file final14.pdb (PDB, C-alpha atoms and all ligand atoms)
ATOM      1  CA  MET A   3      -8.846  73.387 -35.425
ATOM      2  CA  ALA A   4     -10.440  76.805 -35.870
ATOM      3  CA  MET A   5     -12.877  75.960 -33.080
ATOM      4  CA  ASN A   6     -10.086  74.950 -30.728
ATOM      5  CA  LYS A   7      -8.272  78.283 -30.495
ATOM      6  CA  PRO A   8     -11.096  80.242 -28.841
ATOM      7  CA  PHE A   9     -11.626  77.288 -26.511
ATOM      8  CA  HIS A  10      -7.977  77.365 -25.444
ATOM      9  CA  LEU A  11      -8.206  81.102 -24.902
ATOM     10  CA  LEU A  12     -11.343  80.714 -22.812
ATOM     11  CA  SER A  13      -9.859  77.956 -20.689
ATOM     12  CA  LEU A  14      -6.706  80.007 -20.226
ATOM     13  CA  ILE A  15      -8.754  82.983 -19.040
ATOM     14  CA  PHE A  16     -10.728  80.645 -16.771
ATOM     15  CA  ILE A  17      -7.532  79.319 -15.199
ATOM     16  CA  LEU A  18      -6.136  82.835 -14.785
ATOM     17  CA  VAL A  19      -9.348  83.968 -13.077
ATOM     18  CA  LEU A  20      -8.880  81.091 -10.635
ATOM     19  CA  ILE A  21      -5.180  81.712 -10.004
ATOM     20  CA  ILE A  22      -4.966  85.504  -9.773
ATOM     21  CA  PRO A  23      -7.166  86.004  -6.697
ATOM     22  CA  ILE A  24      -5.248  83.244  -4.857
ATOM     23  CA  SER A  25      -1.806  84.702  -5.494
ATOM     24  CA  HIS A  26      -3.153  88.171  -4.761
ATOM     25  CA  SER A  27      -4.689  87.190  -1.444
ATOM     26  CA  ARG A  28      -1.458  85.454  -0.434
ATOM     27  CA  LYS A  29       0.304  88.790  -0.579
ATOM     28  CA  ILE A  30      -2.355  90.564   1.449
ATOM     29  CA  LEU A  31      -3.328  88.017   4.115
ATOM     30  CA  PRO A  32      -0.128  87.746   6.201
ATOM     31  CA  ASP A  33       0.254  91.511   6.379
ATOM     32  CA  THR A  34       1.590  92.014   9.891
ATOM     33  CA  GLN A  35       3.134  95.391   9.143
ATOM     34  CA  THR A  36       2.090  98.067  11.581
ATOM     35  CA  PRO A  37       0.800 101.177   9.863
ATOM     36  CA  SER A  38       3.664 103.587  10.176
ATOM     37  CA  ALA A  39       4.315 107.270   9.956
ATOM     38  CA  PHE A  40       7.619 106.238   8.353
ATOM     39  CA  SER A  41       6.049 104.395   5.383
ATOM     40  CA  PHE A  42       6.877 107.290   3.036
ATOM     41  CA  ILE A  43      10.507 106.116   3.107
ATOM     42  CA  LYS A  44       9.564 103.021   1.058
ATOM     43  CA  ASP A  45       8.577 105.263  -1.860
ATOM     44  CA  LEU A  46      12.067 106.785  -1.886
ATOM     45  CA  GLN A  47      13.946 103.463  -2.074
ATOM     46  CA  GLY A  48      16.856 103.506  -4.517
ATOM     47  CA  CYS A  49      17.608 107.214  -4.115
ATOM     48  CA  HIS A  50      21.245 108.267  -4.115
ATOM     49  CA  LYS A  51      23.442 111.320  -4.475
ATOM     50  CA  GLY A  52      22.617 113.506  -7.463
ATOM     51  CA  ASN A  53      18.923 112.581  -7.525
ATOM     52  CA  ASN A  54      16.139 115.086  -7.218
ATOM     53  CA  THR A  55      13.138 113.046  -6.102
ATOM     54  CA  LYS A  56       9.724 114.324  -5.133
ATOM     55  CA  GLY A  57       9.251 113.879  -1.389
ATOM     56  CA  LEU A  58      12.966 113.513  -0.614
ATOM     57  CA  HIS A  59      12.688 116.408   1.871
ATOM     58  CA  ASN A  60      10.694 114.029   4.099
ATOM     59  CA  LEU A  61      13.771 111.784   4.342
ATOM     60  CA  LYS A  62      15.831 114.864   5.215
ATOM     61  CA  HIS A  63      13.402 115.734   7.985
ATOM     62  CA  TYR A  64      13.571 112.148   9.286
ATOM     63  CA  LEU A  65      17.373 112.246   9.461
ATOM     64  CA  HIS A  66      17.206 115.729  10.969
ATOM     65  CA  GLN A  67      14.735 114.557  13.632
ATOM     66  CA  PHE A  68      17.096 111.817  14.811
ATOM     67  CA  GLY A  69      20.152 114.065  14.765
ATOM     68  CA  TYR A  70      21.877 112.958  11.546
ATOM     69  CA  LEU A  71      21.350 115.963   9.298
ATOM     70  CA  ASN A  72      21.917 119.623  10.024
ATOM     71  CA  TYR A  73      22.261 122.343   7.405
ATOM     72  CA  GLN A  74      23.810 125.752   7.907
ATOM     73  CA  ASN A  75      21.239 126.934   5.391
ATOM     74  CA  GLN A  76      17.925 125.542   6.641
ATOM     75  CA  THR A  77      16.226 125.870   3.218
ATOM     76  CA  HIS A  78      18.090 122.719   2.082
ATOM     77  CA  LEU A  79      16.063 120.739   4.624
ATOM     78  CA  ASP A  80      12.971 121.442   2.547
ATOM     79  CA  ASP A  81      14.300 120.797  -0.955
ATOM     80  CA  ASP A  82      14.344 117.433  -2.725
ATOM     81  CA  ASP A  83      18.028 117.435  -3.717
ATOM     82  CA  PHE A  84      20.074 114.391  -2.679
ATOM     83  CA  ASP A  85      23.207 116.367  -1.784
ATOM     84  CA  ASN A  86      26.535 115.574  -0.099
ATOM     85  CA  ALA A  87      25.174 116.331   3.363
ATOM     86  CA  LEU A  88      22.323 113.865   2.923
ATOM     87  CA  GLU A  89      24.683 111.160   1.674
ATOM     88  CA  TYR A  90      26.947 111.673   4.688
ATOM     89  CA  ALA A  91      23.966 111.580   7.056
ATOM     90  CA  LEU A  92      22.672 108.398   5.437
ATOM     91  CA  LYS A  93      26.091 106.698   5.706
ATOM     92  CA  THR A  94      26.281 107.596   9.401
ATOM     93  CA  TYR A  95      22.804 106.147   9.922
ATOM     94  CA  GLN A  96      23.810 102.975   8.051
ATOM     95  CA  LYS A  97      26.920 102.527  10.230
ATOM     96  CA  ASN A  98      24.900 103.000  13.422
ATOM     97  CA  TYR A  99      22.389 100.355  12.322
ATOM     98  CA  HIS A 100      24.994  97.917  10.978
ATOM     99  CA  VAL A 101      23.887  98.272   7.364
ATOM    100  CA  SER A 102      26.510  98.507   4.621
ATOM    101  CA  PRO A 103      27.321 102.256   4.391
ATOM    102  CA  THR A 104      26.507 102.628   0.696
ATOM    103  CA  GLY A 105      25.084 106.142   0.949
ATOM    104  CA  THR A 106      22.182 104.867  -1.153
ATOM    105  CA  LEU A 107      18.697 104.437   0.281
ATOM    106  CA  ASP A 108      18.743 100.689  -0.372
ATOM    107  CA  ALA A 109      16.269  98.045   0.783
ATOM    108  CA  ALA A 110      18.228  97.131   3.933
ATOM    109  CA  THR A 111      18.291 100.771   5.007
ATOM    110  CA  VAL A 112      14.603 101.279   4.245
ATOM    111  CA  ALA A 113      13.799  98.242   6.429
ATOM    112  CA  LYS A 114      15.660  99.783   9.374
ATOM    113  CA  MET A 115      14.279 103.266   8.876
ATOM    114  CA  THR A 116      10.640 102.244   8.649
ATOM    115  CA  SER A 117      10.810 100.245  11.906
ATOM    116  CA  PRO A 118       9.004 101.773  14.888
ATOM    117  CA  ARG A 119      11.439 103.393  17.277
ATOM    118  CA  CYS A 120      12.063 105.633  20.249
ATOM    119  CA  GLY A 121      11.693 109.346  19.557
ATOM    120  CA  VAL A 122      14.948 110.297  21.255
ATOM    121  CA  ALA A 123      17.622 111.249  18.697
ATOM    122  CA  ASP A 124      20.674 109.028  18.037
ATOM    123  CA  ILE A 125      22.925 112.048  17.605
ATOM    124  CA  VAL A 126      22.424 114.792  20.186
ATOM    125  CA  ASP A 127      24.254 118.100  19.888
ATOM    126  CA  GLY A 128      26.651 116.534  17.394
ATOM    127  CA  VAL A 129      27.502 113.579  19.656
ATOM    128  CA  ASN A 130      26.783 110.229  18.011
ATOM    129  CA  THR A 131      25.607 108.230  21.006
ATOM    130  CA  MET A 132      25.634 105.015  18.955
ATOM    131  CA  ALA A 133      29.155 105.130  17.558
ATOM    132  CA  THR A 134      31.224 102.064  18.381
ATOM    133  CA  LYS A 135      33.897 102.768  20.949
ATOM    134  CA  LYS A 136      35.687  99.472  21.391
ATOM    135  CA  PRO A 137      39.206  99.615  22.836
ATOM    136  CA  HIS A 138      42.099  97.683  21.295
ATOM    137  CA  HIS A 139      42.681  94.478  23.227
ATOM    138  CA  HIS A 140      46.243  95.329  24.268
ATOM    139  CA  GLU A 141      45.356  98.856  25.350
ATOM    140  CA  PRO A 142      43.777  99.662  28.674
ATOM    141  CA  ALA A 143      40.687 101.787  28.249
ATOM    142  CA  LYS A 144      41.557 105.457  28.660
ATOM    143  CA  SER A 145      38.158 106.415  29.973
ATOM    144  CA  ILE A 146      34.829 104.841  30.697
ATOM    145  CA  HIS A 147      33.609 106.124  27.325
ATOM    146  CA  THR A 148      35.725 103.682  25.396
ATOM    147  CA  VAL A 149      34.887 100.343  26.983
ATOM    148  CA  ALA A 150      31.558  99.262  25.572
ATOM    149  CA  ASN A 151      28.724 100.012  23.198
ATOM    150  CA  PHE A 152      26.365 101.653  25.635
ATOM    151  CA  ALA A 153      26.245 105.400  25.335
ATOM    152  CA  PHE A 154      25.708 108.414  27.493
ATOM    153  CA  LEU A 155      23.958 111.568  26.444
ATOM    154  CA  PRO A 156      26.118 114.627  25.662
ATOM    155  CA  ASN A 157      27.696 116.214  28.745
ATOM    156  CA  ASN A 158      26.725 113.096  30.698
ATOM    157  CA  PRO A 159      23.556 114.435  32.326
ATOM    158  CA  ARG A 160      22.928 112.363  35.445
ATOM    159  CA  TRP A 161      21.297 112.464  38.837
ATOM    160  CA  PRO A 162      23.500 113.857  41.650
ATOM    161  CA  ALA A 163      25.513 111.193  43.495
ATOM    162  CA  SER A 164      23.448 111.729  46.642
ATOM    163  CA  LYS A 165      20.199 111.193  44.742
ATOM    164  CA  THR A 166      19.805 107.423  44.714
ATOM    165  CA  HIS A 167      16.090 107.309  45.512
ATOM    166  CA  LEU A 168      13.752 108.638  42.823
ATOM    167  CA  THR A 169      10.001 109.056  43.132
ATOM    168  CA  TYR A 170       7.628 108.717  40.191
ATOM    169  CA  ARG A 171       3.991 109.399  39.524
ATOM    170  CA  PHE A 172       1.566 108.876  36.660
ATOM    171  CA  SER A 173      -0.141 111.666  34.707
ATOM    172  CA  PRO A 174      -3.943 111.646  34.996
ATOM    173  CA  ASN A 175      -4.178 110.476  31.360
ATOM    174  CA  THR A 176      -2.385 107.188  32.079
ATOM    175  CA  ARG A 177      -4.272 104.038  31.052
ATOM    176  CA  ALA A 178      -4.954 101.679  33.955
ATOM    177  CA  ASP A 179      -3.176  98.697  32.383
ATOM    178  CA  ALA A 180       0.091 100.660  32.140
ATOM    179  CA  ILE A 181       0.594 100.952  35.900
ATOM    180  CA  ALA A 182       1.740  97.374  36.533
ATOM    181  CA  PRO A 183       4.254  97.135  33.641
ATOM    182  CA  VAL A 184       5.791 100.525  34.506
ATOM    183  CA  ASN A 185       6.073  99.530  38.181
ATOM    184  CA  SER A 186       7.728  96.301  37.067
ATOM    185  CA  ALA A 187      10.209  98.150  34.839
ATOM    186  CA  PHE A 188      11.263 100.384  37.748
ATOM    187  CA  ARG A 189      11.751  97.282  39.936
ATOM    188  CA  LYS A 190      13.995  95.731  37.273
ATOM    189  CA  TRP A 191      16.175  98.840  37.010
ATOM    190  CA  ALA A 192      16.344  99.001  40.828
ATOM    191  CA  ALA A 193      17.489  95.378  40.984
ATOM    192  CA  ALA A 194      20.338  96.077  38.530
ATOM    193  CA  THR A 195      21.567  99.479  39.780
ATOM    194  CA  HIS A 196      22.135 101.554  42.925
ATOM    195  CA  PHE A 197      18.805 103.337  42.356
ATOM    196  CA  THR A 198      15.593 102.754  44.249
ATOM    197  CA  PHE A 199      12.217 104.005  43.086
ATOM    198  CA  SER A 200       8.867 104.535  44.699
ATOM    199  CA  ARG A 201       5.521 105.579  43.320
ATOM    200  CA  VAL A 202       3.771 108.588  44.817
ATOM    201  CA  GLY A 203       0.210 109.837  44.330
ATOM    202  CA  ASN A 204      -0.781 111.510  41.076
ATOM    203  CA  ASN A 205      -0.930 114.939  42.705
ATOM    204  CA  ALA A 206       2.289 114.652  44.710
ATOM    205  CA  GLN A 207       5.666 116.141  43.782
ATOM    206  CA  SER A 208       7.928 113.600  42.110
ATOM    207  CA  ASP A 209      11.280 113.324  40.378
ATOM    208  CA  LEU A 210       9.812 111.417  37.424
ATOM    209  CA  VAL A 211       6.427 111.522  35.705
ATOM    210  CA  VAL A 212       4.983 108.988  33.257
ATOM    211  CA  GLY A 213       2.053 109.709  30.948
ATOM    212  CA  PHE A 214       0.328 109.072  27.621
ATOM    213  CA  PHE A 215       0.165 111.831  25.022
ATOM    214  CA  SER A 216      -1.022 112.194  21.463
ATOM    215  CA  ARG A 217       0.348 114.129  18.474
ATOM    216  CA  ASN A 218       1.563 117.601  19.425
ATOM    217  CA  HIS A 219       1.551 117.718  23.205
ATOM    218  CA  GLY A 220       3.546 120.841  23.940
ATOM    219  CA  ASP A 221       7.106 119.625  24.575
ATOM    220  CA  GLY A 222       8.481 120.225  21.079
ATOM    221  CA  PHE A 223       8.533 116.500  20.192
ATOM    222  CA  PRO A 224       5.136 115.688  18.626
ATOM    223  CA  PHE A 225       4.084 112.070  18.051
ATOM    224  CA  GLU A 226       2.794 111.195  14.553
ATOM    225  CA  GLY A 227      -0.084 108.862  15.329
ATOM    226  CA  PRO A 228       0.215 105.069  14.852
ATOM    227  CA  GLY A 229       3.727 103.764  14.112
ATOM    228  CA  GLY A 230       6.776 105.995  13.776
ATOM    229  CA  THR A 231       8.003 107.098  17.183
ATOM    230  CA  LEU A 232       6.419 105.206  20.083
ATOM    231  CA  ALA A 233       7.690 107.026  23.152
ATOM    232  CA  HIS A 234      10.356 109.406  24.396
ATOM    233  CA  ALA A 235      11.929 110.526  27.632
ATOM    234  CA  PHE A 236      14.093 113.415  28.734
ATOM    235  CA  PRO A 237      17.578 113.150  30.276
ATOM    236  CA  PRO A 238      18.330 113.874  33.962
ATOM    237  CA  THR A 239      17.096 115.723  35.803
ATOM    238  CA  ASN A 240      14.035 116.542  33.689
ATOM    239  CA  GLY A 241      12.172 113.356  34.534
ATOM    240  CA  ARG A 242       9.434 113.257  31.861
ATOM    241  CA  PHE A 243       8.585 109.973  30.089
ATOM    242  CA  HIS A 244       5.819 110.011  27.457
ATOM    243  CA  TYR A 245       4.129 107.116  25.686
ATOM    244  CA  ASP A 246       2.456 107.830  22.339
ATOM    245  CA  ALA A 247      -1.215 107.289  23.216
ATOM    246  CA  ASP A 248      -2.050 106.348  19.594
ATOM    247  CA  GLU A 249      -0.054 103.099  19.552
ATOM    248  CA  ASN A 250      -1.387  99.580  20.053
ATOM    249  CA  TRP A 251      -0.104  99.127  23.611
ATOM    250  CA  VAL A 252      -0.231  95.665  25.156
ATOM    251  CA  ASN A 253       1.195  93.714  28.060
ATOM    252  CA  GLY A 254       3.393  90.895  26.805
ATOM    253  CA  ALA A 255       4.465  89.553  23.413
ATOM    254  CA  ILE A 256       1.265  89.978  21.425
ATOM    255  CA  GLN A 257       1.355  90.141  17.634
ATOM    256  CA  GLY A 258       1.076  93.679  16.328
ATOM    257  CA  GLY A 259       1.248  95.191  19.812
ATOM    258  CA  PHE A 260       3.993  97.055  21.643
ATOM    259  CA  ASP A 261       4.851  95.773  25.124
ATOM    260  CA  MET A 262       4.518  98.566  27.672
ATOM    261  CA  GLU A 263       7.110  97.155  30.090
ATOM    262  CA  THR A 264       9.745  96.811  27.335
ATOM    263  CA  VAL A 265       9.232 100.436  26.328
ATOM    264  CA  ALA A 266       9.271 101.541  29.990
ATOM    265  CA  LEU A 267      12.631  99.791  30.513
ATOM    266  CA  HIS A 268      14.023 101.681  27.520
ATOM    267  CA  GLU A 269      12.664 105.092  28.468
ATOM    268  CA  ILE A 270      13.735 104.737  32.128
ATOM    269  CA  GLY A 271      17.248 104.238  30.715
ATOM    270  CA  HIS A 272      16.966 107.736  29.191
ATOM    271  CA  LEU A 273      15.552 109.123  32.469
ATOM    272  CA  LEU A 274      18.707 107.838  34.176
ATOM    273  CA  GLY A 275      21.047 109.312  31.531
ATOM    274  CA  LEU A 276      21.665 106.595  28.936
ATOM    275  CA  GLY A 277      21.626 107.264  25.181
ATOM    276  CA  HIS A 278      20.950 104.744  22.419
ATOM    277  CA  SER A 279      23.119 101.662  22.097
ATOM    278  CA  GLU A 280      24.083 100.077  18.790
ATOM    279  CA  VAL A 281      23.653  96.634  20.397
ATOM    280  CA  GLN A 282      20.398  95.318  19.002
ATOM    281  CA  ALA A 283      19.789  93.055  22.010
ATOM    282  CA  ALA A 284      20.248  95.923  24.483
ATOM    283  CA  ILE A 285      17.152  97.600  25.871
ATOM    284  CA  MET A 286      18.755 100.924  24.840
ATOM    285  CA  PHE A 287      18.682 100.007  21.119
ATOM    286  CA  SER A 288      16.421 102.635  19.527
ATOM    287  CA  GLY A 289      14.210 100.224  17.575
ATOM    288  CA  ILE A 290      11.185  98.724  19.288
ATOM    289  CA  ALA A 291       9.696  95.652  17.615
ATOM    290  CA  ALA A 292       6.004  94.800  17.721
ATOM    291  CA  GLY A 293       5.027  91.429  19.201
ATOM    292  CA  ARG A 294       8.161  91.095  21.321
ATOM    293  CA  THR A 295       9.376  91.676  24.839
ATOM    294  CA  LYS A 296      12.897  92.545  25.921
ATOM    295  CA  GLY A 297      14.716  92.776  29.246
ATOM    296  CA  LEU A 298      17.782  94.581  30.545
ATOM    297  CA  HIS A 299      20.993  93.522  28.825
ATOM    298  CA  GLN A 300      24.516  93.481  30.270
ATOM    299  CA  ASP A 301      25.299  96.435  27.963
ATOM    300  CA  ASP A 302      22.568  98.521  29.635
ATOM    301  CA  ILE A 303      23.676  97.633  33.164
ATOM    302  CA  GLN A 304      27.340  98.316  32.361
ATOM    303  CA  GLY A 305      26.249 101.647  30.922
ATOM    304  CA  ILE A 306      24.502 102.797  34.100
ATOM    305  CA  ARG A 307      27.306 101.528  36.328
ATOM    306  CA  ALA A 308      29.905 103.346  34.255
ATOM    307  CA  LEU A 309      27.876 106.567  34.108
ATOM    308  CA  TYR A 310      27.545 106.667  37.906
ATOM    309  CA  GLY A 311      30.897 105.062  38.712
ATOM    310  CA  ARG A 312      29.324 102.356  40.880
TER     311      ARG A 312
HETATM  312 ZN    ZN B 401      15.328 105.870  23.188
HETATM  313 ZN    ZN B 402       6.487 114.293  24.960
END
call {"tool": "encode", "arguments": {"input": "final14.pdb", "output": "structure tokens"}}
result
Amino acid sequence: MAMNKPFHLLSLIFILVLIIPISHSRKILPDTQTPSAFSFIKDLQGCHKGNNTKGLHNLKHYLHQFGYLNYQNQTHLDDDDFDNALEYALKTYQKNYHVSPTGTLDAATVAKMTSPRCGVADIVDGVNTMATKKPHHHEPAKSIHTVANFAFLPNNPRWPASKTHLTYRFSPNTRADAIAPVNSAFRKWAAATHFTFSRVGNNAQSDLVVGFFSRNHGDGFPFEGPGGTLAHAFPPTNGRFHYDADENWVNGAIQGGFDMETVALHEIGHLLGLGHSEVQAAIMFSGIAAGRTKGLHQDDIQGIRALYGR
């Protein structure tokens, strides 16, 4: 019997040596997660009011970037205190993204927050562009703002009524395989609205300009490298639409890649005056999933028609 114990131990170790690498590799192999500038949020999971957690100021900056958190005293943006303002900001974010508004940085919220997204804020100048504005069934809508989930940007920036034809050009830094999907996105918006678009030469004057930029590129909205924010565009009549050059851009639904036409459809919506929609299926939803394509949704088309009264 004395000889058996070491044998059992050895065989146990032998079995463990066989099993551990298998279970370990299972966790690593199907890793389809895009590297993300937002990964730091995972380390903060579980945080709630009253906590002081190292790195929490990064979450504050995230919520500040997308319009949710503003302090009178800016120094609070850089401390790690989970205060009332942060809880309120987090609850607003949770409502916008249809997560239970617990005020705690729970797993469901972390999953939403770490997803790649558009760089345009959800709350602009205090206006929550994603807030639900559904009318009661028995009440006629009082204004176009109350009839659907699409959203306009504050003060309804839009192109003048007479301006129905918009020209666009590409910046010299535009990758060759982006031309066709961007052209296609403009055609799709033209088919669904009163707008027409035409491409002009790279050195011509144009209403809109599309380009690829990396990191800090001089407009006050730096990209963070792979993951995080993928693109942004400015409201009428600014006309600028920037892709983050550091992303894995593809044409079509390709695993791990971001479809250039899908992102163009979204950003053109901003160029025309739309804000973010809380409807996940709408092109104007802020999140942009890898490996998928998306088209214009009724919510997007209703939004443009309502904004321009056509
Ligand atoms: Zn956007
Ligand atoms: Zn930019």
call {"tool": "residues_around", "arguments": {"input": "final14.pdb", "residues": "stretch 274-280 of chain A", "least_positions_apart": "6", "cutoff": "9 Å", "atoms": "all atoms listed in the file", "output": "VMD selection string"}}
result
chain A and resid 98 to 100 122 to 125 131 to 134 151 to 156 158 to 161 236 to 239 241 286 to 288 301 to 302 305 to 306 309
call {"tool": "write_last_selection", "arguments": {"input": "final14.pdb", "atoms": "C-alpha atoms", "output": "PDB file, keeping the file's coordinate frame"}}
result
ATOM      1  CA  ASN A  98      24.900 103.000  13.422  1.00  0.00           C
ATOM      2  CA  TYR A  99      22.389 100.355  12.322  1.00  0.00           C
ATOM      3  CA  HIS A 100      24.994  97.917  10.978  1.00  0.00           C
ATOM      4  CA  VAL A 122      14.948 110.297  21.255  1.00  0.00           C
ATOM      5  CA  ALA A 123      17.622 111.249  18.697  1.00  0.00           C
ATOM      6  CA  ASP A 124      20.674 109.028  18.037  1.00  0.00           C
ATOM      7  CA  ILE A 125      22.925 112.048  17.605  1.00  0.00           C
ATOM      8  CA  THR A 131      25.607 108.230  21.006  1.00  0.00           C
ATOM      9  CA  MET A 132      25.634 105.015  18.955  1.00  0.00           C
ATOM     10  CA  ALA A 133      29.155 105.130  17.558  1.00  0.00           C
ATOM     11  CA  THR A 134      31.224 102.064  18.381  1.00  0.00           C
ATOM     12  CA  ASN A 151      28.724 100.012  23.198  1.00  0.00           C
ATOM     13  CA  PHE A 152      26.365 101.653  25.635  1.00  0.00           C
ATOM     14  CA  ALA A 153      26.245 105.400  25.335  1.00  0.00           C
ATOM     15  CA  PHE A 154      25.708 108.414  27.493  1.00  0.00           C
ATOM     16  CA  LEU A 155      23.958 111.568  26.444  1.00  0.00           C
ATOM     17  CA  PRO A 156      26.118 114.627  25.662  1.00  0.00           C
ATOM     18  CA  ASN A 158      26.725 113.096  30.698  1.00  0.00           C
ATOM     19  CA  PRO A 159      23.556 114.435  32.326  1.00  0.00           C
ATOM     20  CA  ARG A 160      22.928 112.363  35.445  1.00  0.00           C
ATOM     21  CA  TRP A 161      21.297 112.464  38.837  1.00  0.00           C
ATOM     22  CA  PHE A 236      14.093 113.415  28.734  1.00  0.00           C
ATOM     23  CA  PRO A 237      17.578 113.150  30.276  1.00  0.00           C
ATOM     24  CA  PRO A 238      18.330 113.874  33.962  1.00  0.00           C
ATOM     25  CA  THR A 239      17.096 115.723  35.803  1.00  0.00           C
ATOM     26  CA  GLY A 241      12.172 113.356  34.534  1.00  0.00           C
ATOM     27  CA  MET A 286      18.755 100.924  24.840  1.00  0.00           C
ATOM     28  CA  PHE A 287      18.682 100.007  21.119  1.00  0.00           C
ATOM     29  CA  SER A 288      16.421 102.635  19.527  1.00  0.00           C
ATOM     30  CA  ASP A 301      25.299  96.435  27.963  1.00  0.00           C
ATOM     31  CA  ASP A 302      22.568  98.521  29.635  1.00  0.00           C
ATOM     32  CA  GLY A 305      26.249 101.647  30.922  1.00  0.00           C
ATOM     33  CA  ILE A 306      24.502 102.797  34.100  1.00  0.00           C
ATOM     34  CA  LEU A 309      27.876 106.567  34.108  1.00  0.00           C
TER      35      LEU A 309
END
call {"tool": "closest_residue", "arguments": {"input": "final14.pdb", "among": "A:Ala39, A:Leu298, A:Ala308, A:Ala247", "to": "A:Arg189", "atoms": "all atoms listed in the file"}}
result
A:Leu298
call {"tool": "residues_around", "arguments": {"input": "final14.pdb", "residues": "stretch 259-262 of chain A", "least_positions_apart": "2", "cutoff": "7 Å", "atoms": "only C-alpha atoms", "output": "PyMOL selection string"}}
result
chain A and resi 180+183+250-257+264-266+292-295
call {"tool": "resolve_selection", "arguments": {"input": "final14.pdb", "expression": "the PyMOL selection byres (((chain A and resi 82) around 9) and not hetatm)", "output": "list in words"}}
result
Asn53, Asn54, Thr55, Lys56, Gly57, Leu58, His59, Asn60, Lys62, His78, Leu79, Asp80, Asp81, Asp83, Phe84 and Asp85 of chain A
call {"tool": "closest_residue", "arguments": {"input": "final14.pdb", "among": "A:Ala233, A:Leu71, A:Val184, A:Cys49", "to": "ligand ZN 402 (chain B)", "atoms": "all atoms listed in the file"}}
result
A:Ala233
call {"tool": "atom_distance", "arguments": {"input": "final14.pdb", "atom1": "atom CA of A:Phe42", "atom2": "atom CA of A:Leu88"}}
result
16.8 Å
call {"tool": "residues_around", "arguments": {"input": "final14.pdb", "residues": "stretch 224-227 of chain A", "least_positions_apart": "2", "cutoff": "6 Å", "atoms": "only C-alpha atoms", "output": "PDB file with C-alpha atoms, keeping the file's coordinate frame"}}
result
ATOM      1  CA  ARG A 217       0.348 114.129  18.474  1.00  0.00           C
ATOM      2  CA  ASN A 218       1.563 117.601  19.425  1.00  0.00           C
ATOM      3  CA  ASP A 248      -2.050 106.348  19.594  1.00  0.00           C
TER       4      ASP A 248
END
call {"tool": "resolve_selection", "arguments": {"input": "final14.pdb", "expression": "the PyMOL selection byres (((not hetatm)) within 8 of (chain B and resi 402))", "output": "list in words"}}
result
Phe215, His219, Gly220, Asp221, Gly222, Phe223, Pro224, Phe225, Ala233, His234, Ala235, Arg242, Phe243, His244 and Tyr245 of chain A
call {"tool": "closest_residue", "arguments": {"input": "final14.pdb", "among": "A:Pro118, A:Pro162, A:Gly311, A:Gly213", "to": "ligand ZN 401 (chain B)", "atoms": "all atoms listed in the file"}}
result
A:Pro118
call {"tool": "atom_distance", "arguments": {"input": "final14.pdb", "atom1": "atom CA of A:Ser38", "atom2": "atom CA of A:Gly258"}}
result
11.9 Å
call {"tool": "closest_residue", "arguments": {"input": "final14.pdb", "among": "A:Arg171, A:Lys165, A:Lys44, A:His66", "to": "A:Ala110", "atoms": "all atoms listed in the file"}}
result
A:Lys44
call {"tool": "closest_residue", "arguments": {"input": "final14.pdb", "among": "A:Ala109, A:Ile181, A:Val126, A:Leu210", "to": "A:His167", "atoms": "all atoms listed in the file"}}
result
A:Leu210
call {"tool": "closest_residue", "arguments": {"input": "final14.pdb", "among": "A:Phe68, A:Glu89, A:His272, A:Thr77", "to": "A:Gly52", "atoms": "only C-alpha atoms"}}
result
A:Glu89
call {"tool": "residues_around", "arguments": {"input": "final14.pdb", "residues": "A:Gly297", "least_positions_apart": "6", "cutoff": "10 Å", "atoms": "only C-alpha atoms", "output": "list in words"}}
result
Ala187, Lys190, Trp191, Glu263, Thr264, Val265, Leu267, His268, Ala283, Ala284 and Ile285 of chain A
call {"tool": "write_last_selection", "arguments": {"input": "final14.pdb", "atoms": "C-alpha atoms", "output": "short mmCIF file (atom, residue, chain, number, x, y, z; two decimals), in the frame of the given file"}}
result
data_model
loop_
_atom_site.label_atom_id
_atom_site.label_comp_id
_atom_site.auth_asym_id
_atom_site.auth_seq_id
_atom_site.Cartn_x
_atom_site.Cartn_y
_atom_site.Cartn_z
CA ALA A 187 10.21 98.15 34.84
CA LYS A 190 14.00 95.73 37.27
CA TRP A 191 16.18 98.84 37.01
CA GLU A 263 7.11 97.16 30.09
CA THR A 264 9.74 96.81 27.34
CA VAL A 265 9.23 100.44 26.33
CA LEU A 267 12.63 99.79 30.51
CA HIS A 268 14.02 101.68 27.52
CA ALA A 283 19.79 93.06 22.01
CA ALA A 284 20.25 95.92 24.48
CA ILE A 285 17.15 97.60 25.87
#
call {"tool": "atom_distance", "arguments": {"input": "final14.pdb", "atom1": "atom CA of A:Ala194", "atom2": "atom CA of A:Val129"}}
result
26.7 Å
call {"tool": "residues_around", "arguments": {"input": "final14.pdb", "residues": "A:Ser41", "least_positions_apart": "5", "cutoff": "10 Å", "atoms": "all atoms listed in the file", "output": "CSV table (one decimal) with C-alpha atoms, in the frame of the given file"}}
result
chain,number,residue,atom,x,y,z
A,36,THR,CA,2.1,98.1,11.6
A,46,LEU,CA,12.1,106.8,-1.9
A,112,VAL,CA,14.6,101.3,4.2
A,113,ALA,CA,13.8,98.2,6.4
A,115,MET,CA,14.3,103.3,8.9
A,116,THR,CA,10.6,102.2,8.6
A,117,SER,CA,10.8,100.2,11.9
A,229,GLY,CA,3.7,103.8,14.1
A,230,GLY,CA,6.8,106.0,13.8
call {"tool": "resolve_selection", "arguments": {"input": "final14.pdb", "expression": "the PyMOL selection byres (((chain A and resi 232) around 6) and not hetatm)", "output": "MDAnalysis selection string"}}
result
chainID A and resid 120 231 233 246
call {"tool": "axis_aligned_box", "arguments": {"input": "final14.pdb", "around": "stretch 204-211 of chain A", "padding_each_side": "6 Å", "output": "JSON"}}
result
{"center_x": 5.2, "center_y": 113.8, "center_z": 40.2, "size_x": 24.2, "size_y": 16.7, "size_z": 21.0}
